[in-house]
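Participant: Sharing input37.txt here; it has compact mmCIF, C-alpha atoms.
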```txt
# COMPACT_ATOMS: atom_id res chain seq x y z
CA MET A 1 132.23 52.18 182.79
CA GLY A 2 129.54 52.21 180.17
CA VAL A 3 126.96 54.84 179.85
CA PRO A 4 123.49 53.36 179.28
CA ILE A 5 121.65 54.55 176.23
CA HIS A 6 117.91 54.69 176.37
CA TYR A 7 115.64 54.59 173.31
CA GLY A 8 112.06 55.76 173.43
CA LEU A 9 109.12 56.74 171.24
CA ALA A 10 106.86 59.63 172.03
CA TYR A 11 103.53 60.54 170.47
CA SER A 12 102.59 64.18 170.24
CA PRO A 13 99.28 65.72 169.04
CA ALA A 14 101.32 68.48 167.44
CA TYR A 15 103.09 65.93 165.20
CA LYS A 16 99.73 64.52 164.15
CA ASN A 17 98.46 67.91 163.07
CA THR A 18 101.69 68.70 161.15
CA ARG A 19 101.63 65.35 159.35
CA SER A 20 97.96 65.80 158.43
CA LYS A 21 98.62 69.24 157.02
CA ALA A 22 101.63 67.96 155.03
CA MET A 23 99.55 65.16 153.48
CA THR A 24 96.79 67.64 152.61
CA MET A 25 99.28 70.02 150.93
CA SER A 26 100.87 67.15 148.98
CA THR A 27 97.47 66.00 147.75
CA LEU A 28 96.54 69.51 146.63
CA ARG A 29 99.90 69.93 144.92
CA ILE A 30 99.51 66.67 143.00
CA HIS A 31 95.99 67.55 141.86
CA SER A 32 97.17 71.00 140.80
CA ILE A 33 100.00 69.52 138.74
CA LEU A 34 97.66 67.02 137.10
CA PHE A 35 95.12 69.76 136.30
CA LEU A 36 97.75 72.05 134.78
CA GLY A 37 99.19 69.14 132.81
CA LEU A 38 95.74 68.31 131.43
CA LEU A 39 95.20 71.93 130.33
CA SER A 40 98.65 72.04 128.77
CA GLY A 41 97.98 68.82 126.88
CA LEU A 42 94.66 70.11 125.57
CA PHE A 43 96.31 73.38 124.48
CA HIS A 44 99.16 71.62 122.66
CA PHE A 45 96.76 69.22 121.01
CA SER A 46 94.68 72.11 119.65
CA VAL A 47 97.83 73.87 118.41
CA TRP A 48 99.07 70.67 116.74
CA ALA A 49 95.70 70.15 115.14
CA SER A 50 95.69 73.77 113.91
CA ASP A 51 99.25 73.43 112.58
CA ASP A 52 98.37 70.22 110.81
CA THR A 53 95.41 71.94 109.19
CA VAL A 54 97.54 74.88 108.02
CA VAL A 55 100.34 72.69 106.70
CA SER A 56 97.90 70.41 104.98
CA ALA A 57 96.16 73.36 103.35
CA ALA A 58 99.47 74.94 102.35
CA GLU A 59 100.89 71.72 100.95
CA SER A 60 97.76 70.73 99.07
CA PRO A 61 98.60 71.48 95.40
CA PRO A 62 95.82 72.91 93.25
CA ALA A 63 96.37 70.54 90.32
CA ARG A 64 96.60 66.77 89.86
CA ILE A 65 97.92 65.33 86.61
CA VAL A 66 97.67 61.67 85.66
CA LEU A 67 99.88 60.67 82.75
CA MET A 68 99.24 57.92 80.23
CA ASP A 69 101.61 55.62 82.14
CA GLN A 70 99.53 56.17 85.32
CA SER A 71 102.17 58.42 86.89
CA VAL A 72 100.69 61.19 89.03
CA ILE A 73 102.11 64.70 89.33
CA TRP A 74 100.90 67.25 91.87
CA GLY A 75 101.59 70.94 91.41
CA GLU A 76 100.39 74.31 90.19
CA VAL A 77 99.66 75.02 86.52
CA ILE A 78 101.60 78.18 85.65
CA ASP A 79 101.46 78.16 81.83
CA ILE A 80 100.10 76.38 78.78
CA ARG A 81 101.95 77.14 75.56
CA GLU A 82 103.08 75.46 72.35
CA GLY A 83 101.33 72.18 73.16
CA GLU A 84 102.80 71.89 76.65
CA VAL A 85 101.61 72.58 80.17
CA VAL A 86 104.15 73.96 82.64
CA VAL A 87 103.64 72.80 86.24
CA GLU A 88 105.40 74.13 89.33
CA THR A 89 106.09 71.18 91.65
CA GLN A 90 107.40 71.15 95.20
CA TRP A 91 110.45 68.95 94.63
CA LEU A 92 111.19 69.10 90.88
CA GLY A 93 110.59 72.79 90.24
CA GLU A 94 109.06 73.66 86.86
CA VAL A 95 108.10 70.64 84.75
CA SER A 96 106.94 70.83 81.12
CA ILE A 97 104.52 68.09 80.04
CA ASP A 98 103.21 67.46 76.55
CA LEU A 99 99.42 67.81 76.57
CA THR A 100 99.05 64.66 74.48
CA ALA A 101 100.79 62.66 77.25
CA ILE A 102 98.15 63.60 79.84
CA MET A 103 95.28 61.23 80.58
CA LEU A 104 93.67 63.45 83.24
CA LEU A 105 94.35 66.97 84.49
CA GLU A 106 92.28 68.48 87.29
CA SER A 107 92.98 71.96 88.61
CA ASP A 108 90.88 74.24 90.81
CA GLN A 109 92.73 77.36 89.59
CA GLU A 110 91.01 80.08 87.63
CA ILE A 111 92.48 80.20 84.13
CA GLU A 112 91.95 81.85 80.74
CA LEU A 113 92.55 79.81 77.59
CA LEU A 114 93.20 81.36 74.17
CA THR A 115 92.82 79.18 71.07
CA LYS A 116 94.78 79.45 67.85
CA ASP A 117 91.79 81.11 66.16
CA GLN A 118 91.72 83.79 68.92
CA ASN A 119 88.72 82.48 70.90
CA LYS A 120 89.10 83.01 74.65
CA PHE A 121 87.55 80.95 77.46
CA ALA A 122 87.53 82.07 81.10
CA LEU A 123 87.31 79.02 83.39
CA SER A 124 86.94 78.78 87.17
CA SER A 125 88.71 75.41 87.04
CA LEU A 126 90.44 73.30 84.42
CA GLN A 127 89.77 69.69 83.47
CA VAL A 128 91.52 67.88 80.63
CA VAL A 129 90.54 64.29 79.83
CA GLU A 130 92.53 62.35 77.22
CA GLY A 131 93.35 65.28 74.96
CA VAL A 132 90.08 67.20 75.43
CA VAL A 133 89.42 70.30 77.55
CA VAL A 134 86.05 69.83 79.26
CA LEU A 135 83.88 72.97 79.02
CA GLU A 136 80.58 73.56 80.80
CA ASP A 137 77.61 74.44 78.56
CA LYS A 138 79.93 74.54 75.53
CA GLU A 139 81.45 72.10 73.10
CA ASN A 140 84.62 70.54 74.45
CA LEU A 141 87.94 71.76 73.10
CA ALA A 142 90.79 69.64 71.69
CA VAL A 143 94.17 70.42 73.26
CA ASP A 144 95.81 70.91 69.85
CA GLU A 145 93.54 73.96 69.40
CA LEU A 146 95.06 75.71 72.42
CA TYR A 147 97.46 78.58 71.83
CA VAL A 148 98.29 79.93 75.28
CA ALA A 149 96.94 80.23 78.82
CA ASN A 150 96.40 83.57 80.55
CA PRO A 151 97.34 85.49 77.38
CA GLU A 152 98.94 88.92 77.32
CA ASP A 153 97.39 91.74 75.30
CA TRP A 154 99.69 91.28 72.31
CA GLU A 155 98.86 87.57 72.18
CA GLU A 156 95.20 88.55 71.81
CA GLY A 157 96.07 90.83 68.89
CA ARG A 158 96.35 94.11 70.80
CA GLY A 159 99.68 95.93 70.66
CA TYR A 160 103.23 94.56 70.66
CA SER A 161 105.49 92.68 73.00
CA LEU A 162 108.92 94.18 73.55
CA GLU A 163 112.06 92.17 74.10
CA GLY A 164 115.71 92.88 73.61
CA ARG A 165 119.20 92.99 75.02
CA VAL A 166 122.26 95.21 75.16
CA THR A 167 125.77 93.89 75.79
CA SER A 168 129.29 95.27 75.84
CA ALA A 169 132.89 94.16 76.05
CA VAL A 170 135.63 96.46 77.35
CA GLU A 171 139.34 95.72 77.54
CA PHE A 172 142.27 97.81 78.79
CA LEU A 173 145.76 96.37 78.37
CA ARG A 174 148.86 98.02 79.80
CA GLY A 175 152.38 96.75 79.25
CA ASN A 176 154.62 96.49 76.23
CA THR A 177 151.65 97.16 73.92
CA PRO A 178 149.00 99.27 75.68
CA THR A 179 145.62 98.69 74.04
CA ASP A 180 142.10 99.97 74.68
CA GLN A 181 139.14 98.08 73.22
CA PHE A 182 135.41 98.77 73.34
CA ASN A 183 132.60 96.81 71.72
CA ALA A 184 128.83 97.10 72.17
CA ASP A 185 125.77 95.68 70.48
CA PHE A 186 122.02 95.77 70.93
CA GLU A 187 118.92 93.98 69.67
CA THR A 188 115.27 94.99 70.04
CA ILE A 189 112.25 93.04 68.76
CA LEU A 190 108.65 94.29 68.63
CA ARG A 191 106.28 91.37 68.07
CA SER A 192 102.52 91.13 67.48
CA GLN A 193 100.18 88.51 66.04
CA ARG A 194 100.47 89.99 62.55
CA ASP A 195 104.02 91.35 62.23
CA ARG A 196 107.49 91.69 63.75
CA ILE A 197 109.97 94.57 63.78
CA THR A 198 113.65 93.98 64.53
CA PHE A 199 116.53 96.39 65.12
CA ARG A 200 120.14 95.30 65.59
CA GLY A 201 123.35 97.25 65.87
CA ASP A 202 126.98 96.90 66.89
CA TYR A 203 129.99 99.14 67.31
CA ALA A 204 133.66 98.25 67.75
CA GLU A 205 136.65 100.47 68.41
CA THR A 206 140.19 99.50 69.35
CA SER A 207 143.20 101.76 69.77
CA ALA A 208 146.83 101.08 70.59
CA VAL A 209 149.04 103.52 72.48
CA VAL A 210 152.19 104.12 70.44
CA LEU A 211 155.32 105.40 72.20
CA SER A 212 157.42 107.65 69.95
CA PRO A 213 160.87 108.96 71.06
CA GLU A 214 161.24 112.74 70.94
CA TYR A 215 163.98 114.57 69.01
CA ASP A 216 164.84 118.23 68.82
CA ALA A 217 165.26 120.34 65.67
CA LEU A 218 168.86 119.16 65.29
CA GLY A 219 167.85 115.50 65.49
CA GLU A 220 169.25 115.06 68.98
CA PRO A 221 167.27 113.03 71.56
CA VAL A 222 165.24 115.05 74.03
CA LEU A 223 165.94 114.00 77.62
CA ASP A 224 163.49 114.08 80.53
CA ASP A 225 164.25 115.08 84.14
CA ASN A 226 165.75 111.64 84.87
CA GLY A 227 168.12 111.83 81.95
CA ASP A 228 166.18 109.29 79.86
CA GLN A 229 165.00 109.97 76.36
CA ALA A 230 161.53 111.53 76.40
CA VAL A 231 158.71 109.76 74.58
CA THR A 232 155.36 110.90 73.22
CA LYS A 233 152.29 108.73 73.77
CA THR A 234 149.88 108.66 70.84
CA SER A 235 146.62 106.70 70.68
CA THR A 236 146.34 105.12 67.23
CA PRO A 237 143.03 103.47 66.18
CA THR A 238 143.32 99.92 64.85
CA ILE A 239 139.61 98.97 64.62
CA ASP A 240 136.74 101.33 63.89
CA ASN A 241 133.48 99.93 62.48
CA TRP A 242 129.74 99.93 63.09
CA ALA A 243 126.60 98.36 61.62
CA ILE A 244 122.83 98.88 61.95
CA VAL A 245 120.14 96.53 60.60
CA GLY A 246 116.37 97.04 60.53
CA LYS A 247 113.84 94.38 59.49
CA TYR A 248 110.08 94.20 59.08
CA ASP A 249 108.23 90.85 58.84
CA TYR A 250 104.55 90.37 58.01
CA PHE A 251 103.13 86.96 58.93
CA LEU A 252 100.96 85.16 56.38
CA SER A 253 97.86 83.04 57.10
CA ASN A 254 100.26 80.27 58.04
CA SER A 255 102.19 82.16 60.72
CA GLN A 256 105.29 80.07 60.06
CA ASN A 257 105.63 81.89 56.73
CA TYR A 258 106.20 85.61 56.35
CA LEU A 259 107.20 88.33 53.90
CA GLY A 260 109.73 90.94 54.88
CA VAL A 261 112.10 93.70 53.93
CA ASN A 262 115.43 94.58 55.48
CA LEU A 263 117.66 97.63 55.45
CA GLY A 264 121.26 97.64 56.58
CA VAL A 265 123.95 100.32 56.85
CA ASN A 266 127.54 99.79 57.97
CA ALA A 267 131.00 101.34 57.81
CA ASP A 268 134.55 100.12 58.35
CA ARG A 269 137.33 102.69 58.46
CA PHE A 270 140.19 100.23 58.03
CA ALA A 271 138.51 98.46 55.13
CA ASP A 272 138.21 101.89 53.47
CA ILE A 273 134.39 101.56 53.49
CA GLU A 274 132.93 104.95 54.27
CA ARG A 275 129.38 103.63 53.98
CA ARG A 276 127.68 100.51 52.69
CA ALA A 277 123.89 100.23 52.46
CA TYR A 278 121.64 97.43 51.29
CA ILE A 279 117.89 97.00 50.99
CA GLY A 280 115.65 94.28 49.65
CA PRO A 281 112.58 92.05 50.09
CA TYR A 282 112.58 88.41 51.15
CA PHE A 283 110.41 85.41 51.95
CA GLY A 284 110.94 83.83 55.34
CA ARG A 285 109.91 80.68 57.15
CA LYS A 286 110.15 79.57 60.76
CA LEU A 287 111.77 76.17 60.40
CA PHE A 288 111.59 75.46 64.15
CA VAL A 289 109.11 77.25 66.39
CA ASP A 290 109.00 75.33 69.67
CA LYS A 291 110.33 76.60 72.98
CA THR A 292 113.63 74.73 72.77
CA TYR A 293 114.57 75.19 69.10
CA GLN A 294 113.97 78.31 67.03
CA LEU A 295 115.33 78.81 63.52
CA ASP A 296 114.27 81.29 60.84
CA ALA A 297 115.46 81.12 57.22
CA GLU A 298 115.03 83.95 54.71
CA LEU A 299 115.65 84.15 50.96
CA GLY A 300 115.34 87.30 48.88
CA LEU A 301 117.03 90.01 46.83
CA SER A 302 119.26 92.87 47.96
CA TYR A 303 120.53 95.98 46.27
CA VAL A 304 123.97 96.87 47.65
CA GLU A 305 125.76 100.21 47.36
CA THR A 306 129.28 100.79 48.71
CA ASP A 307 131.06 104.15 48.99
CA PHE A 308 134.79 103.96 49.64
CA ILE A 309 136.82 106.48 51.59
CA GLU A 310 138.55 108.91 49.23
CA ARG A 311 142.32 108.62 49.38
CA ASP A 312 145.09 110.71 47.92
CA TYR A 313 147.10 108.88 45.31
CA ASP A 314 150.36 109.69 47.07
CA ASP A 315 149.09 108.30 50.39
CA ASP A 316 147.51 105.08 49.09
CA PRO A 317 147.62 104.60 45.31
CA VAL A 318 145.74 101.28 45.44
CA ALA A 319 142.80 102.59 47.48
CA ALA A 320 142.73 105.83 45.51
CA ASN A 321 141.76 103.86 42.40
CA SER A 322 138.83 102.05 44.09
CA PRO A 323 135.53 102.77 42.30
CA ASP A 324 132.20 102.88 44.11
CA ASN A 325 130.54 99.49 43.97
CA TYR A 326 126.88 98.77 43.13
CA PHE A 327 125.28 95.39 42.60
CA THR A 328 122.05 93.41 43.07
CA GLY A 329 122.49 90.07 44.78
CA ILE A 330 120.73 87.21 46.51
CA ASN A 331 120.12 87.62 50.23
CA LEU A 332 120.17 84.46 52.40
CA ASN A 333 119.79 84.82 56.18
CA PHE A 334 119.62 82.42 59.12
CA THR A 335 118.67 83.37 62.69
CA GLY A 336 118.45 80.69 65.35
CA GLU A 337 118.54 80.00 69.05
CA THR A 338 118.29 76.89 71.19
CA GLU A 339 118.07 76.21 74.92
CA LEU A 340 120.41 73.73 76.57
CA PHE A 341 120.24 72.23 80.07
CA ASP A 342 116.70 73.49 80.77
CA GLY A 343 117.48 77.07 79.80
CA ALA A 344 120.72 77.34 81.77
CA LEU A 345 122.58 77.88 78.49
CA ASN A 346 121.50 79.43 75.16
CA LEU A 347 123.22 78.77 71.85
CA TYR A 348 122.54 81.42 69.20
CA LEU A 349 123.37 81.99 65.54
CA ARG A 350 123.06 84.99 63.22
CA GLN A 351 124.18 84.71 59.62
CA THR A 352 123.76 87.22 56.79
CA ASN A 353 124.84 86.33 53.24
CA ILE A 354 124.64 88.63 50.21
CA LEU A 355 125.70 86.76 47.09
CA ASN A 356 127.01 88.85 44.20
CA VAL A 357 125.78 86.71 41.29
CA SER A 358 127.82 88.73 38.77
CA ASP A 359 131.06 88.19 40.71
CA MET A 360 130.89 85.62 43.51
CA ASP A 361 134.31 86.68 44.78
CA LYS A 362 132.76 89.99 45.86
CA SER A 363 130.03 88.38 47.97
CA ILE A 364 129.52 89.36 51.62
CA TYR A 365 129.19 86.91 54.53
CA ARG A 366 128.67 87.77 58.20
CA THR A 367 128.44 84.94 60.74
CA THR A 368 128.12 85.19 64.51
CA PHE A 369 127.51 82.35 66.94
CA GLY A 370 127.89 82.15 70.67
CA LEU A 371 126.84 80.82 74.06
CA ARG A 372 124.75 82.94 76.37
CA PHE A 373 124.53 82.32 80.13
CA PRO A 374 121.49 83.92 81.82
CA LEU A 375 122.17 85.28 85.31
CA LEU A 376 119.93 86.96 87.87
CA LEU A 377 117.71 90.02 87.37
CA GLY A 378 118.03 90.00 83.58
CA LEU A 379 121.83 90.04 83.56
CA GLU A 380 123.69 87.70 81.24
CA VAL A 381 127.20 86.87 80.06
CA ALA A 382 128.13 85.55 76.65
CA ALA A 383 131.07 84.16 74.73
CA GLU A 384 130.83 84.54 70.97
CA ALA A 385 132.88 84.18 67.82
CA SER A 386 132.36 86.08 64.58
CA ALA A 387 133.76 85.83 61.06
CA ASP A 388 133.03 88.58 58.53
CA TYR A 389 134.11 88.11 54.92
CA ASP A 390 133.85 91.22 52.74
CA GLY A 391 134.57 90.37 49.13
CA GLY A 392 133.79 93.96 48.21
CA ALA A 393 136.48 95.51 50.41
CA ALA A 394 138.81 98.07 48.88
CA PRO A 395 141.79 96.68 46.94
CA GLY A 396 144.73 95.93 49.17
CA LYS A 397 142.60 95.51 52.31
CA GLU A 398 141.99 92.34 54.30
CA LYS A 399 138.72 90.67 53.34
CA LEU A 400 138.30 88.49 56.43
CA ASP A 401 137.83 89.77 59.97
CA GLU A 402 137.64 87.27 62.84
CA ALA A 403 136.99 87.97 66.51
CA VAL A 404 136.29 86.20 69.79
CA ARG A 405 134.52 88.25 72.45
CA PHE A 406 133.33 87.82 76.01
CA ARG A 407 130.33 90.00 76.82
CA ILE A 408 128.21 91.04 79.76
CA GLY A 409 124.82 92.64 79.33
CA TYR A 410 121.17 92.95 80.24
CA ASN A 411 118.05 91.54 78.57
CA TRP A 412 114.38 92.40 78.91
```
So, in terms of C-alpha cells, how does the structure I just supplied come out?

Facilitator:
Amino acid sequence: MGVPIHYGLAYSPAYKNTRSKAMTMSTLRIHSILFLGLLSGLFHFSVWASDDTVVSAAESPPARIVLMDQSVIWGEVIDIREGEVVVETQWLGEVSIDLTAIMLLESDQEIELLTKDQNKFALSSLQVVEGVVVLEDKENLAVDELYVANPEDWEEGRGYSLEGRVTSAVEFLRGNTPTDQFNADFETILRSQRDRITFRGDYAETSAVVLSPEYDALGEPVLDDNGDQAVTKTSTPTIDNWAIVGKYDYFLSNSQNYLGVNLGVNADRFADIERRAYIGPYFGRKLFVDKTYQLDAELGLSYVETDFIERDYDDDPVAANSPDNYFTGINLNFTGETELFDGALNLYLRQTNILNVSDMDKSIYRTTFGLRFPLLLGLEVAAEASADYDGGAAPGKEKLDEAVRFRIGYNW
C-alpha cells in the first residue's frame, strides 16, 4: 500500500528578512571588493610610473655620439687620450673611437680638457662637431690639439707618475736530481712631462742537491741504521747571477725624441764575471707611441769594464790567465710593448746590445721577450724567453745562456 507524499510551499516573513539581509551583505561585499581593487590599481599604477621614471633616468646615458657613417653610440665618456675617446657602453663595455671619425658628440658630463701646449679648459658639458670642440665665449678647439681629458697632476707638469712591476719564479724539484730555483725581477718607471727615470733589476739562483756516499778513514762505506750506505746531501749552486740597470731620459721639444744616459752593473759567478759595469749617453726616439703599440729605439756609446773572478792556476789555469777587459762600444737598445685582444694579452720586448767595435766577437747581447696576462687586482702571470750572449766571458766559459720562465707578479 502506497504512502502518499504531499508537496507544499510555505511563505514565512522570517525568510524574507533573511534573504533581504543576505542580498544587502552581498551588495556591500561587492562594492568593498571593487573599491579595494580600484585603490590597489591606482597604487600599482603609481609604483609602475615611478619605476619607469627611475629606470628611464638610470638608463639614460649622458653622452650621444654620431659617427660619420650615421651610426649612433650611447654611453659615458670616461677618457680622451691619444686622439681617441673612450666610451663606456651598456652592452659593449669600453669602446675606443677615433675623434676624427665622430661627426657629433654631445655629453652633459663635466670634463676638463688639457691641450698639447698645456692649456686647460673646464667644461660643464662637452660638444664636438666634425673635429672641433665647441667652446663658449672662446675660440673653438680642434680635436688634434687635445692631449688628455681629466688630467692627473703629472700630465699638467707637476710631479711624476709611478708605475712598475715585480715578478718571481720559484721551482723545487725532488727526485733523482733535486733542484731548487729562484728568479725575481723588478721594473720601476718615474715619468713626467719633461723626463723619465727607469730602474730594472733581476736575480737568478739555482742549486742542485748532490748526494755523496760516505766513507770512513779506511775507505770503507759508512752504513746507516738500516744497513744501507750513508750519504751526505750537499747543495751545489749551478746558477748565480744578477743585474741592475738605471736610465735617465730627457724629452726634447718634440717629445718623441729624447737624450739619455744609462748605467748598468751585473755579475755572473759561473761566467767568472765578478763585476761588469757600463755607462754611456744615447739618443732615443719613440717609434710608436699610441696605446696599442709602443716601441723605443736608442743609439749611443758605452764604456764597458769587466772584472773577472780571480782563480788559482792549479784550480782553473784557463780562467787564471783572464785579463780584466775594458772597451768603448756602440750601445743599441730596443724596448717595446703591444696590446693584443683588447688588452687581454701583452707582448713585450727588451733588448740591449753593446757592440765591441774593436773585436765584434766580444760584443754583448741581451734579449728578453714574453707574453704577459693581466689578472685581477694588479696580479699578472707571464711566460718569457731570454737569450744572453756574452762575448766577453772568461776563456773556457759558455758565452750563450738561454732560459724559459713562467712568472707570477704584481704591477702598479

Participant: Select, from A:Phe121, A:Trp91, A:Ile65, A:Ser107, the residue with the minimum atom-to-atom distance to Lys138 of chain A, counting all atoms listed in the file.

Facilitator: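 Ranking A:Phe121, A:Trp91, A:Ile65, A:Ser107 by distance to Lys138 of chain A, first place goes to A:Phe121.
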
Participant: Quick one: everything within 10 Å of Lys291 of chain A, counting all atoms listed in the file, minus sequence neighbours fewer than 5 positions away in the same chain. Send it as a short mmCIF file (atom, residue, chain, number, x, y, z; two decimals) with C-alpha atoms, in the coordinates of the input.

Facilitator:
```cif
data_model
loop_
_atom_site.label_atom_id
_atom_site.label_comp_id
_atom_site.auth_asym_id
_atom_site.auth_seq_id
_atom_site.Cartn_x
_atom_site.Cartn_y
_atom_site.Cartn_z
CA ARG A 81 101.95 77.14 75.56
CA GLU A 82 103.08 75.46 72.35
CA GLU A 84 102.80 71.89 76.65
CA GLU A 337 118.54 80.00 69.05
CA THR A 338 118.29 76.89 71.19
CA GLU A 339 118.07 76.21 74.92
CA GLY A 343 117.48 77.07 79.80
#
```

Participant: At most 10 Å from (139.2, 85.0, 61.8), file frame, all atoms listed in the file: which residues, as a list in words?

Facilitator: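 Those within range, by chain then number, are Ala385, Ser386, Ala387, Asp388, Tyr389, Leu400, Asp401, Glu402, Ala403 and Val404 of chain A.
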
Participant: For Leu376 of chain A, which residue out of A:Tyr410, A:Asn331, A:Leu355, A:Ala393 is the nearest one, using only C-alpha atoms?

Facilitator: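 Of A:Tyr410, A:Asn331, A:Leu355, A:Ala393, the one nearest Leu376 of chain A is A:Tyr410, counting only C-alpha atoms.
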
Participant: Tell me, in Å to one decimal, how far atom CA of Gly260 of chain A is from atom CA of Ser168 of chain A.

Facilitator: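 Taking atom CA of Gly260 of chain A and atom CA of Ser168 of chain A, their separation equals 29.0 Å.
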
Participant: Return the padded bounding box of segment 216-234 of chain A as lines of an AutoDock Vina configuration file: axis-aligned, built from all atoms listed in the file, 5 Å added on each side, with centre and edge lengths in Å to one decimal.

Facilitator:
```
center_x = 159.6
center_y = 114.5
center_z = 75.1
size_x = 29.4
size_y = 21.7
size_z = 29.6
```

Participant: Excluding segment 293-295 of chain A and residues on its chain fewer than 4 positions from it, collect all residues at most 8 Å away from it, counting all atoms listed in the file, and give them as a list in words.

Facilitator: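 Skipping anything fewer than 4 positions along the chain leaves Lys286, Leu287, Phe288, Val289, Phe334, Thr335, Gly336, Glu337, Thr338 and Glu339 of chain A.
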
Participant: Would you export the selected residues with C-alpha atoms as a PDB file, in the coordinates of the input, please?

Facilitator:
```
ATOM      1  CA  LYS A 286     110.150  79.570  60.760  1.00  0.00           C
ATOM      2  CA  LEU A 287     111.770  76.170  60.400  1.00  0.00           C
ATOM      3  CA  PHE A 288     111.590  75.460  64.150  1.00  0.00           C
ATOM      4  CA  VAL A 289     109.110  77.250  66.390  1.00  0.00           C
ATOM      5  CA  PHE A 334     119.620  82.420  59.120  1.00  0.00           C
ATOM      6  CA  THR A 335     118.670  83.370  62.690  1.00  0.00           C
ATOM      7  CA  GLY A 336     118.450  80.690  65.350  1.00  0.00           C
ATOM      8  CA  GLU A 337     118.540  80.000  69.050  1.00  0.00           C
ATOM      9  CA  THR A 338     118.290  76.890  71.190  1.00  0.00           C
ATOM     10  CA  GLU A 339     118.070  76.210  74.920  1.00  0.00           C
TER      11      GLU A 339
END
```

Participant: Pick out the closest residue to Ser253 of chain A from this set: A:Asp195, A:Glu310, A:Asp240, A:Asp153. Count all atoms listed in the file.

Facilitator: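 Result for the nearest residue to Ser253 of chain A: A:Asp195.
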
Participant: Please identify every residue of segment 60-179 of chain A that has at least one atom no farther than 12 Å from an atom of segment 378-383 of chain A, counting only C-alpha atoms, and for each give the shortest atom pair and the distance in Å to one decimal, arranged by chain then increasing number, as CSV.

Facilitator:
```
residue,atom,partner,partner_atom,distance
A:Glu163,CA,A:Gly378,CA,11.4
A:Gly164,CA,A:Gly378,CA,10.6
A:Arg165,CA,A:Gly378,CA,9.1
A:Val166,CA,A:Glu380,CA,9.8
A:Thr167,CA,A:Val381,CA,8.3
A:Ser168,CA,A:Val381,CA,9.6
A:Ala169,CA,A:Ala382,CA,9.9
```

Participant: What is the atom CA of Phe327 of chain A to atom CA of Phe270 of chain A distance in Å?

Facilitator: 22.0 Å

Participant: Between A:Asp216, A:Asp79, A:Asp202, A:Glu155, which has the minimum distance to Lys116 of chain A (counting only C-alpha atoms)?

Facilitator: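 Of A:Asp216, A:Asp79, A:Asp202, A:Glu155, the one nearest Lys116 of chain A, counting only C-alpha atoms, is A:Glu155.
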
Participant: Where atoms are missing, can you supply N, CA and C atoms for segment 109-120 of chain A and output the lot as a PDB file, in the coordinates of the input?

Facilitator:
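As written to disk, result30.pdb reads:
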```
ATOM      1  N   GLN A 109      92.299  75.982  89.836  1.00  0.00           N
ATOM      2  CA  GLN A 109      92.730  77.360  89.590  1.00  0.00           C
ATOM      3  C   GLN A 109      91.854  78.021  88.531  1.00  0.00           C
ATOM      4  N   GLU A 110      91.630  79.312  88.695  1.00  0.00           N
ATOM      5  CA  GLU A 110      91.010  80.080  87.630  1.00  0.00           C
ATOM      6  C   GLU A 110      92.019  80.273  86.501  1.00  0.00           C
ATOM      7  N   ILE A 111      91.557  80.139  85.262  1.00  0.00           N
ATOM      8  CA  ILE A 111      92.480  80.200  84.130  1.00  0.00           C
ATOM      9  C   ILE A 111      91.750  80.702  82.894  1.00  0.00           C
ATOM     10  N   GLU A 112      92.471  81.411  82.029  1.00  0.00           N
ATOM     11  CA  GLU A 112      91.950  81.850  80.740  1.00  0.00           C
ATOM     12  C   GLU A 112      92.702  81.107  79.640  1.00  0.00           C
ATOM     13  N   LEU A 113      91.958  80.554  78.697  1.00  0.00           N
ATOM     14  CA  LEU A 113      92.550  79.810  77.590  1.00  0.00           C
ATOM     15  C   LEU A 113      92.280  80.555  76.289  1.00  0.00           C
ATOM     16  N   LEU A 114      93.325  80.719  75.481  1.00  0.00           N
ATOM     17  CA  LEU A 114      93.200  81.360  74.170  1.00  0.00           C
ATOM     18  C   LEU A 114      93.520  80.319  73.106  1.00  0.00           C
ATOM     19  N   THR A 115      92.614  80.160  72.135  1.00  0.00           N
ATOM     20  CA  THR A 115      92.820  79.180  71.070  1.00  0.00           C
ATOM     21  C   THR A 115      93.599  79.811  69.919  1.00  0.00           C
ATOM     22  N   LYS A 116      94.010  78.970  68.994  1.00  0.00           N
ATOM     23  CA  LYS A 116      94.780  79.450  67.850  1.00  0.00           C
ATOM     24  C   LYS A 116      93.969  80.355  66.939  1.00  0.00           C
ATOM     25  N   ASP A 117      92.635  80.217  66.957  1.00  0.00           N
ATOM     26  CA  ASP A 117      91.790  81.110  66.160  1.00  0.00           C
ATOM     27  C   ASP A 117      91.262  82.281  66.989  1.00  0.00           C
ATOM     28  N   GLN A 118      91.976  82.593  68.106  1.00  0.00           N
ATOM     29  CA  GLN A 118      91.720  83.790  68.920  1.00  0.00           C
ATOM     30  C   GLN A 118      90.391  83.765  69.675  1.00  0.00           C
ATOM     31  N   ASN A 119      89.869  82.591  69.999  1.00  0.00           N
ATOM     32  CA  ASN A 119      88.720  82.480  70.900  1.00  0.00           C
ATOM     33  C   ASN A 119      89.241  82.317  72.328  1.00  0.00           C
ATOM     34  N   LYS A 120      88.628  83.046  73.268  1.00  0.00           N
ATOM     35  CA  LYS A 120      89.100  83.010  74.650  1.00  0.00           C
ATOM     36  C   LYS A 120      88.025  82.438  75.558  1.00  0.00           C
TER      37      LYS A 120
END
```
